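Coordinates from start-v5.txt are shown below (compact mmCIF, C-alpha atoms and all ligand atoms).
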# COMPACT_ATOMS: atom_id res chain seq x y z
CA MET A 476 83.81 -30.62 -57.09
CA VAL A 477 80.82 -29.61 -55.00
CA SER A 478 80.40 -30.88 -51.46
CA THR A 479 78.00 -30.08 -48.67
CA GLN A 480 80.85 -29.25 -46.31
CA GLY A 481 83.37 -26.43 -46.36
CA PRO A 482 86.11 -24.97 -44.19
CA ILE A 483 83.55 -22.97 -42.22
CA ASP A 484 79.90 -23.61 -41.36
CA VAL A 485 78.27 -20.27 -42.04
CA VAL A 486 74.77 -21.73 -42.05
CA ASN A 487 75.24 -22.94 -38.49
CA MET A 488 76.52 -19.48 -37.54
CA ILE A 489 73.43 -17.84 -39.01
CA TYR A 490 71.14 -20.16 -37.05
CA SER A 491 73.12 -19.56 -33.85
CA TYR A 492 72.90 -15.81 -34.43
CA THR A 493 69.14 -15.97 -35.03
CA LYS A 494 68.70 -18.07 -31.90
CA ALA A 495 70.76 -15.66 -29.79
CA GLU A 496 68.72 -12.72 -31.11
CA ARG A 497 65.57 -14.53 -30.09
CA GLU A 498 66.93 -15.13 -26.58
CA LYS A 499 67.21 -11.36 -26.15
CA HIS A 500 63.41 -11.31 -26.06
CA ARG A 501 63.18 -13.54 -23.00
CA ARG A 502 60.01 -13.27 -21.01
CA GLU A 503 60.07 -11.31 -17.76
CA LYS A 504 57.32 -11.40 -15.18
CA GLY A 505 55.14 -8.29 -15.31
CA VAL A 506 56.36 -7.27 -18.77
CA VAL A 507 54.14 -7.25 -21.84
CA TRP A 508 55.72 -6.61 -25.22
CA VAL A 509 54.03 -4.50 -27.89
CA THR A 510 54.04 -7.59 -30.10
CA ASP A 511 51.80 -9.28 -27.47
CA LEU A 512 49.24 -6.52 -27.99
CA VAL A 513 48.92 -7.38 -31.66
CA ARG A 514 48.73 -11.17 -31.68
CA CYS A 515 46.66 -14.00 -30.29
CA PRO A 516 46.88 -13.97 -26.46
CA LEU A 517 47.07 -17.78 -26.34
CA LYS A 518 50.45 -17.72 -28.06
CA ARG A 519 52.05 -16.24 -24.98
CA LEU A 520 50.69 -19.08 -22.84
CA TYR A 521 51.78 -21.75 -25.32
CA GLU A 522 55.23 -20.22 -25.65
CA GLU A 523 55.77 -20.96 -21.98
CA LEU A 524 54.16 -24.42 -22.07
CA TYR A 525 55.77 -25.61 -25.30
CA PRO A 526 59.02 -23.71 -25.87
CA GLU A 527 60.20 -26.39 -28.32
CA LEU A 528 57.46 -25.46 -30.77
CA SER A 529 58.40 -21.81 -30.78
CA LEU A 530 62.09 -22.63 -31.06
CA ARG A 531 61.31 -24.39 -34.32
CA GLU A 532 60.54 -20.94 -35.75
CA VAL A 533 64.23 -20.11 -35.55
CA PHE A 534 64.86 -22.46 -38.46
CA LYS A 535 62.28 -20.92 -40.75
CA PRO A 536 64.13 -19.50 -43.75
CA SER A 537 61.52 -16.76 -44.20
CA LEU A 538 62.25 -15.50 -40.66
CA ILE A 539 65.98 -15.55 -41.28
CA VAL A 540 65.45 -13.54 -44.48
CA GLY A 541 63.38 -11.08 -42.44
CA THR A 542 66.14 -10.72 -39.84
CA LEU A 543 68.73 -10.09 -42.54
CA ILE A 544 66.53 -7.49 -44.26
CA HIS A 545 66.11 -5.74 -40.90
CA LEU A 546 69.84 -5.66 -40.27
CA GLY A 547 70.59 -4.46 -43.79
CA LEU A 548 67.99 -1.71 -43.79
CA GLU A 549 68.95 -0.47 -40.34
CA ARG A 550 72.50 -0.10 -41.58
CA VAL A 551 71.44 1.59 -44.83
CA LEU A 552 69.23 4.10 -43.02
CA LYS A 553 72.09 4.98 -40.67
CA GLU A 554 74.17 5.69 -43.73
CA VAL A 555 71.73 7.59 -45.96
CA VAL A 556 69.49 9.60 -43.61
CA GLN A 557 70.99 13.05 -43.13
CA GLU A 558 68.19 15.24 -41.80
CA PHE A 559 67.46 13.13 -38.72
CA SER A 560 69.70 11.45 -36.22
CA VAL A 561 69.26 7.69 -36.50
CA GLU A 562 69.23 5.14 -33.70
CA VAL A 563 68.48 1.47 -34.15
CA GLU A 564 66.87 -1.04 -31.81
CA THR A 565 65.96 1.43 -29.08
CA GLU A 566 63.86 0.06 -26.24
CA TRP A 567 60.89 1.90 -24.70
CA SER A 568 58.62 1.14 -21.80
CA LYS A 569 55.58 2.54 -20.03
CA ASP A 570 53.66 1.36 -17.00
CA VAL A 571 49.94 0.69 -17.22
CA VAL A 572 47.52 -0.17 -14.45
CA LEU A 573 45.19 -3.06 -15.16
CA GLU A 574 41.58 -3.29 -14.05
CA ASP A 575 42.55 -5.42 -10.99
CA GLY A 576 44.89 -2.62 -9.81
CA SER A 577 48.13 -4.39 -10.72
CA THR A 578 50.78 -2.63 -12.77
CA VAL A 579 52.50 -4.09 -15.80
CA VAL A 580 55.28 -2.72 -17.93
CA VAL A 581 54.61 -2.44 -21.65
CA ARG A 582 57.83 -2.67 -23.58
CA GLY A 583 58.74 -2.34 -27.23
CA ARG A 584 61.80 -2.12 -29.40
CA LEU A 585 61.78 0.27 -32.36
CA ASP A 586 63.67 -0.92 -35.43
CA VAL A 587 64.78 2.64 -36.16
CA LEU A 588 64.18 5.94 -34.37
CA LEU A 589 64.60 9.17 -36.33
CA SER A 590 65.05 12.31 -34.22
CA ARG A 591 65.24 15.97 -35.13
CA GLY A 592 65.01 18.21 -32.08
CA PRO A 593 61.81 17.28 -30.25
CA GLU A 594 60.42 15.52 -33.33
CA ARG A 595 60.61 11.74 -33.24
CA ILE A 596 59.55 9.25 -35.87
CA ALA A 597 59.69 5.48 -35.61
CA VAL A 598 60.45 3.19 -38.51
CA GLU A 599 59.09 -0.34 -38.43
CA ILE A 600 60.50 -2.64 -41.08
CA LYS A 601 58.27 -5.34 -42.52
CA SER A 602 59.43 -7.96 -44.95
CA SER A 603 56.99 -10.30 -46.59
CA ARG A 604 56.64 -12.71 -49.48
CA SER A 605 53.70 -10.76 -50.87
CA ASP A 606 52.48 -7.18 -50.93
CA ARG A 607 48.87 -8.31 -50.84
CA GLY A 608 46.77 -6.38 -48.35
CA ILE A 609 49.46 -4.07 -47.06
CA PRO A 610 49.41 -2.20 -44.78
CA GLN A 611 48.04 -5.06 -42.70
CA ARG A 612 45.74 -4.38 -39.75
CA HIS A 613 48.09 -5.81 -37.12
CA HIS A 614 51.00 -3.76 -38.50
CA LEU A 615 48.88 -0.61 -38.27
CA ASP A 616 47.98 -1.56 -34.70
CA GLN A 617 51.66 -2.12 -33.89
CA ALA A 618 52.52 1.30 -35.32
CA ARG A 619 49.76 2.89 -33.24
CA ALA A 620 51.13 1.13 -30.16
CA TYR A 621 54.64 2.46 -30.81
CA ASN A 622 53.32 6.01 -31.23
CA TRP A 623 51.77 5.72 -27.77
CA LEU A 624 54.75 3.97 -26.19
CA ALA A 625 57.57 6.12 -27.54
CA ASP A 626 55.55 9.34 -27.95
CA THR A 627 56.53 9.44 -31.59
CA ALA A 628 54.77 11.82 -34.00
CA GLY A 629 54.27 8.88 -36.31
CA THR A 630 55.58 5.51 -37.40
CA LEU A 631 56.72 4.72 -40.90
CA LEU A 632 55.79 1.20 -41.88
CA LEU A 633 58.44 0.27 -44.39
CA TYR A 634 57.52 -2.77 -46.47
CA VAL A 635 60.03 -4.80 -48.42
CA THR A 636 58.45 -7.45 -50.64
CA PRO A 637 59.56 -9.08 -53.90
CA SER A 638 57.06 -6.95 -55.86
CA ARG A 639 56.94 -3.72 -53.89
CA VAL A 640 59.10 -1.64 -51.58
CA THR A 641 56.93 1.03 -50.09
CA GLN A 642 56.02 2.96 -46.96
CA PHE A 643 52.95 4.04 -45.04
CA TYR A 644 53.02 6.75 -42.40
CA VAL A 645 50.82 6.10 -39.37
CA GLU A 646 49.99 9.02 -37.09
CA ASP A 647 47.14 7.41 -35.16
CA ARG A 648 48.00 6.17 -31.69
CA MET A 649 46.69 3.85 -29.04
CA ASP A 650 45.92 5.18 -25.61
CA ALA A 651 46.40 3.53 -22.23
CA THR A 652 42.76 2.38 -22.17
CA GLU A 653 43.13 0.47 -25.42
CA VAL A 654 46.45 -1.01 -24.29
CA VAL A 655 44.88 -2.24 -21.03
CA SER A 656 41.93 -3.71 -22.90
CA ARG A 657 44.25 -5.53 -25.32
CA ILE A 658 46.25 -6.96 -22.41
CA ALA A 659 43.04 -8.19 -20.79
CA SER A 660 41.53 -9.53 -24.02
CA ARG A 661 41.10 -13.31 -24.27
CA ARG A 662 39.92 -13.23 -27.87
CA ALA A 663 41.76 -16.05 -29.62
CA PRO A 664 42.80 -15.64 -32.33
CA ARG A 665 43.02 -11.87 -32.26
CA TYR A 666 43.09 -11.64 -36.07
CA SER A 667 41.28 -14.11 -38.30
CA TRP A 668 44.35 -15.22 -40.33
CA GLU A 669 46.62 -16.03 -37.36
CA CYS A 670 45.92 -19.75 -36.92
CA ALA A 671 47.14 -20.55 -40.44
CA TYR A 672 50.64 -19.40 -39.49
CA CYS A 673 50.69 -20.44 -35.85
CA ALA A 674 53.23 -22.94 -34.52
CA TYR A 675 50.73 -23.96 -31.80
CA SER A 676 47.88 -24.77 -34.18
CA VAL A 677 48.91 -28.45 -33.93
CA LEU A 678 47.48 -28.59 -30.40
CA CYS A 679 45.32 -25.52 -29.91
CA PRO A 680 41.61 -26.14 -29.25
CA SER A 681 40.81 -22.55 -30.26
CA LYS A 682 42.21 -22.92 -33.76
CA VAL A 683 39.86 -21.59 -36.41
CA GLU A 684 39.88 -22.02 -40.16
CA SER A 685 41.49 -18.79 -41.25
CA GLN A 686 40.12 -16.47 -43.87
CA LEU A 687 43.27 -15.80 -45.87
S1 LIG B 1 46.02 -21.73 -33.27
FE1 LIG B 1 44.98 -19.77 -33.43
S2 LIG B 1 43.86 -19.51 -31.52
FE2 LIG B 1 45.40 -21.12 -31.19
S3 LIG B 1 47.18 -20.09 -30.35
FE3 LIG B 1 47.44 -20.14 -32.56
S4 LIG B 1 46.59 -18.23 -33.32
FE4 LIG B 1 45.84 -18.53 -31.24
Since I need it in another form, could you write the structure as structure tokens?
Amino acid sequence: MVSTQGPIDVVNMIYSYTKAEREKHRREKGVVWVTDLVRCPLKRLYEELYPELSLREVFKPSLIVGTLIHLGLERVLKEVVQEFSVEVETEWSKDVVLEDGSTVVVRGRLDVLLSRGPERIAVEIKSSRSDRGIPQRHHLDQARAYNWLADTAGTLLLYVTPSRVTQFYVEDRMDATEVVSRIASRRAPRYSWECAYCAYSVLCPSKVESQL
């Protein structure tokens, strides 16, 4: 016999876990996350105005798969990497002064940090349904932002896709000037493909037909 019920509701637990993880990234006044530097600035505004739309993302199976891949890989790297010490989910911040003289904190969380003496390398895990076009521009920008934020020598972009598992090592870095200009930027969308995947495209007047 097959039924849709069982003695324990694991699916519900997975959704609750994913939701709780998301809550850890609650907005704080005066804090800008690295992810904000590499996405459409309007999303931040809409997140506050329409939290229900962003909450819907929690139930996207592709995001849950991504979370599970992150957790699995973080654990595997802790187990297999010998030549570096391995920390997961470390948080970093730096202050920047905006053009109007106000200060904001830029914050980011590295999936994995590899350390060997003074040498530090970040690992950013990316899971995706396709390996087309990797490494993607916004991932490279994110890696550059982490190199600035955490003073890492480089960031390994580790891609896990159904047809390719591969890595790219990014040594370029942002500087404070670029970070400030990204915070101030009102260009929406920031990347041409964003609207096609955006939860707020159902109401956004700035939506553009994306070039996928
Ligand atoms: S629909 Fe496009 S422009 Fe509007 S918030 Fe989303 S990504 Fe930004």
With distances taken over only C-alpha atoms, which residue among A:Val486, A:Leu632, A:Ile658, A:Val551 lies nearest Val506 in chain A? A:Ile658
Which of these, A:Lys518, A:Lys535, A:Arg582, A:Lys601, has the shortest distance to Leu548 in chain A once you count all atoms listed in the file?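 Closest to Leu548 in chain A, using all atoms listed in the file: A:Lys601.
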Show me which residues are within 9 Å of ligand LIG 1 (chain B) counting all atoms listed in the file, and format the list as a ChimeraX atom specification. /A:514-521,662-685
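With all atoms listed in the file as the atoms that count, the residue of A:Thr627, A:Glu503, A:Ile596, A:Val563 with the shortest distance to His545 in chain A is A:Val563.
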Given the choices A:Leu530, A:Val509, A:Val571, A:Val640, which gets closest to Arg619 in chain A if the distance is worked out from all atoms listed in the file? A:Val509
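CA of Thr630 in chain A is positioned 19.0 Å from CA of Gly541 in chain A.
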Since fewer atoms than expected are present, regenerate N, CA, C and O atoms for range 512-538 of chain A and write them as a compact mmCIF listing (two decimals), in the frame of the given file.
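After the write, result13.txt holds the following:
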# COMPACT_ATOMS: atom_id res chain seq x y z
N LEU A 512 50.49 -7.27 -27.85
CA LEU A 512 49.24 -6.52 -27.99
C LEU A 512 48.61 -6.76 -29.36
O LEU A 512 47.45 -6.43 -29.58
N VAL A 513 49.41 -7.26 -30.28
CA VAL A 513 48.92 -7.38 -31.66
C VAL A 513 49.04 -8.83 -32.16
O VAL A 513 49.36 -9.08 -33.31
N ARG A 514 48.78 -9.77 -31.26
CA ARG A 514 48.73 -11.17 -31.68
C ARG A 514 47.83 -11.94 -30.72
O ARG A 514 47.43 -11.42 -29.65
N CYS A 515 47.55 -13.15 -31.09
CA CYS A 515 46.66 -14.00 -30.29
C CYS A 515 47.21 -14.15 -28.86
O CYS A 515 48.37 -14.54 -28.68
N PRO A 516 46.38 -13.89 -27.83
CA PRO A 516 46.88 -13.97 -26.46
C PRO A 516 47.28 -15.39 -26.04
O PRO A 516 48.10 -15.56 -25.15
N LEU A 517 46.71 -16.39 -26.71
CA LEU A 517 47.07 -17.78 -26.34
C LEU A 517 48.52 -18.10 -26.68
O LEU A 517 49.13 -18.97 -26.07
N LYS A 518 49.07 -17.41 -27.65
CA LYS A 518 50.45 -17.72 -28.06
C LYS A 518 51.42 -17.52 -26.91
O LYS A 518 52.38 -18.26 -26.75
N ARG A 519 51.16 -16.52 -26.12
CA ARG A 519 52.05 -16.24 -24.98
C ARG A 519 52.03 -17.42 -23.99
O ARG A 519 53.07 -17.85 -23.50
N LEU A 520 50.83 -17.93 -23.74
CA LEU A 520 50.69 -19.08 -22.84
C LEU A 520 51.41 -20.30 -23.42
O LEU A 520 52.19 -20.97 -22.73
N TYR A 521 51.17 -20.57 -24.70
CA TYR A 521 51.78 -21.75 -25.32
C TYR A 521 53.30 -21.63 -25.44
O TYR A 521 54.00 -22.64 -25.41
N GLU A 522 53.77 -20.41 -25.60
CA GLU A 522 55.23 -20.22 -25.65
C GLU A 522 55.88 -20.75 -24.39
O GLU A 522 56.96 -21.33 -24.42
N GLU A 523 55.21 -20.50 -23.25
CA GLU A 523 55.77 -20.96 -21.98
C GLU A 523 55.59 -22.47 -21.80
O GLU A 523 56.48 -23.16 -21.31
N LEU A 524 54.43 -22.98 -22.24
CA LEU A 524 54.16 -24.42 -22.07
C LEU A 524 54.96 -25.29 -23.04
O LEU A 524 55.39 -26.38 -22.70
N TYR A 525 55.12 -24.80 -24.26
CA TYR A 525 55.77 -25.61 -25.30
C TYR A 525 56.88 -24.82 -25.99
O TYR A 525 56.77 -24.47 -27.17
N PRO A 526 57.96 -24.53 -25.27
CA PRO A 526 59.02 -23.71 -25.87
C PRO A 526 59.65 -24.36 -27.10
O PRO A 526 60.12 -23.66 -27.99
N GLU A 527 59.59 -25.70 -27.17
CA GLU A 527 60.20 -26.39 -28.32
C GLU A 527 59.51 -25.99 -29.62
O GLU A 527 60.15 -25.86 -30.66
N LEU A 528 58.18 -25.81 -29.55
CA LEU A 528 57.46 -25.46 -30.77
C LEU A 528 57.84 -24.07 -31.26
O LEU A 528 57.97 -23.84 -32.46
N SER A 529 58.03 -23.16 -30.32
CA SER A 529 58.40 -21.81 -30.78
C SER A 529 59.85 -21.75 -31.24
O SER A 529 60.20 -20.99 -32.12
N LEU A 530 60.67 -22.61 -30.65
CA LEU A 530 62.09 -22.63 -31.06
C LEU A 530 62.23 -23.07 -32.51
O LEU A 530 63.12 -22.64 -33.23
N ARG A 531 61.30 -23.90 -32.94
CA ARG A 531 61.31 -24.39 -34.32
C ARG A 531 61.28 -23.23 -35.32
O ARG A 531 61.81 -23.31 -36.42
N GLU A 532 60.65 -22.12 -34.89
CA GLU A 532 60.54 -20.94 -35.75
C GLU A 532 61.90 -20.41 -36.17
O GLU A 532 62.04 -19.80 -37.23
N VAL A 533 62.89 -20.63 -35.29
CA VAL A 533 64.23 -20.11 -35.55
C VAL A 533 64.77 -20.63 -36.88
O VAL A 533 65.55 -19.96 -37.55
N PHE A 534 64.33 -21.83 -37.26
CA PHE A 534 64.86 -22.46 -38.46
C PHE A 534 64.04 -22.15 -39.71
O PHE A 534 64.29 -22.72 -40.76
N LYS A 535 63.08 -21.26 -39.58
CA LYS A 535 62.28 -20.92 -40.75
C LYS A 535 63.06 -19.97 -41.64
O LYS A 535 63.38 -18.85 -41.24
N PRO A 536 63.36 -20.38 -42.87
CA PRO A 536 64.13 -19.50 -43.75
C PRO A 536 63.50 -18.12 -43.93
O PRO A 536 64.20 -17.11 -43.98
N SER A 537 62.15 -18.07 -43.98
CA SER A 537 61.52 -16.76 -44.20
C SER A 537 61.81 -15.81 -43.03
O SER A 537 61.98 -14.60 -43.22
N LEU A 538 61.93 -16.36 -41.81
CA LEU A 538 62.25 -15.50 -40.66
C LEU A 538 63.70 -15.04 -40.70
O LEU A 538 64.03 -13.92 -40.31
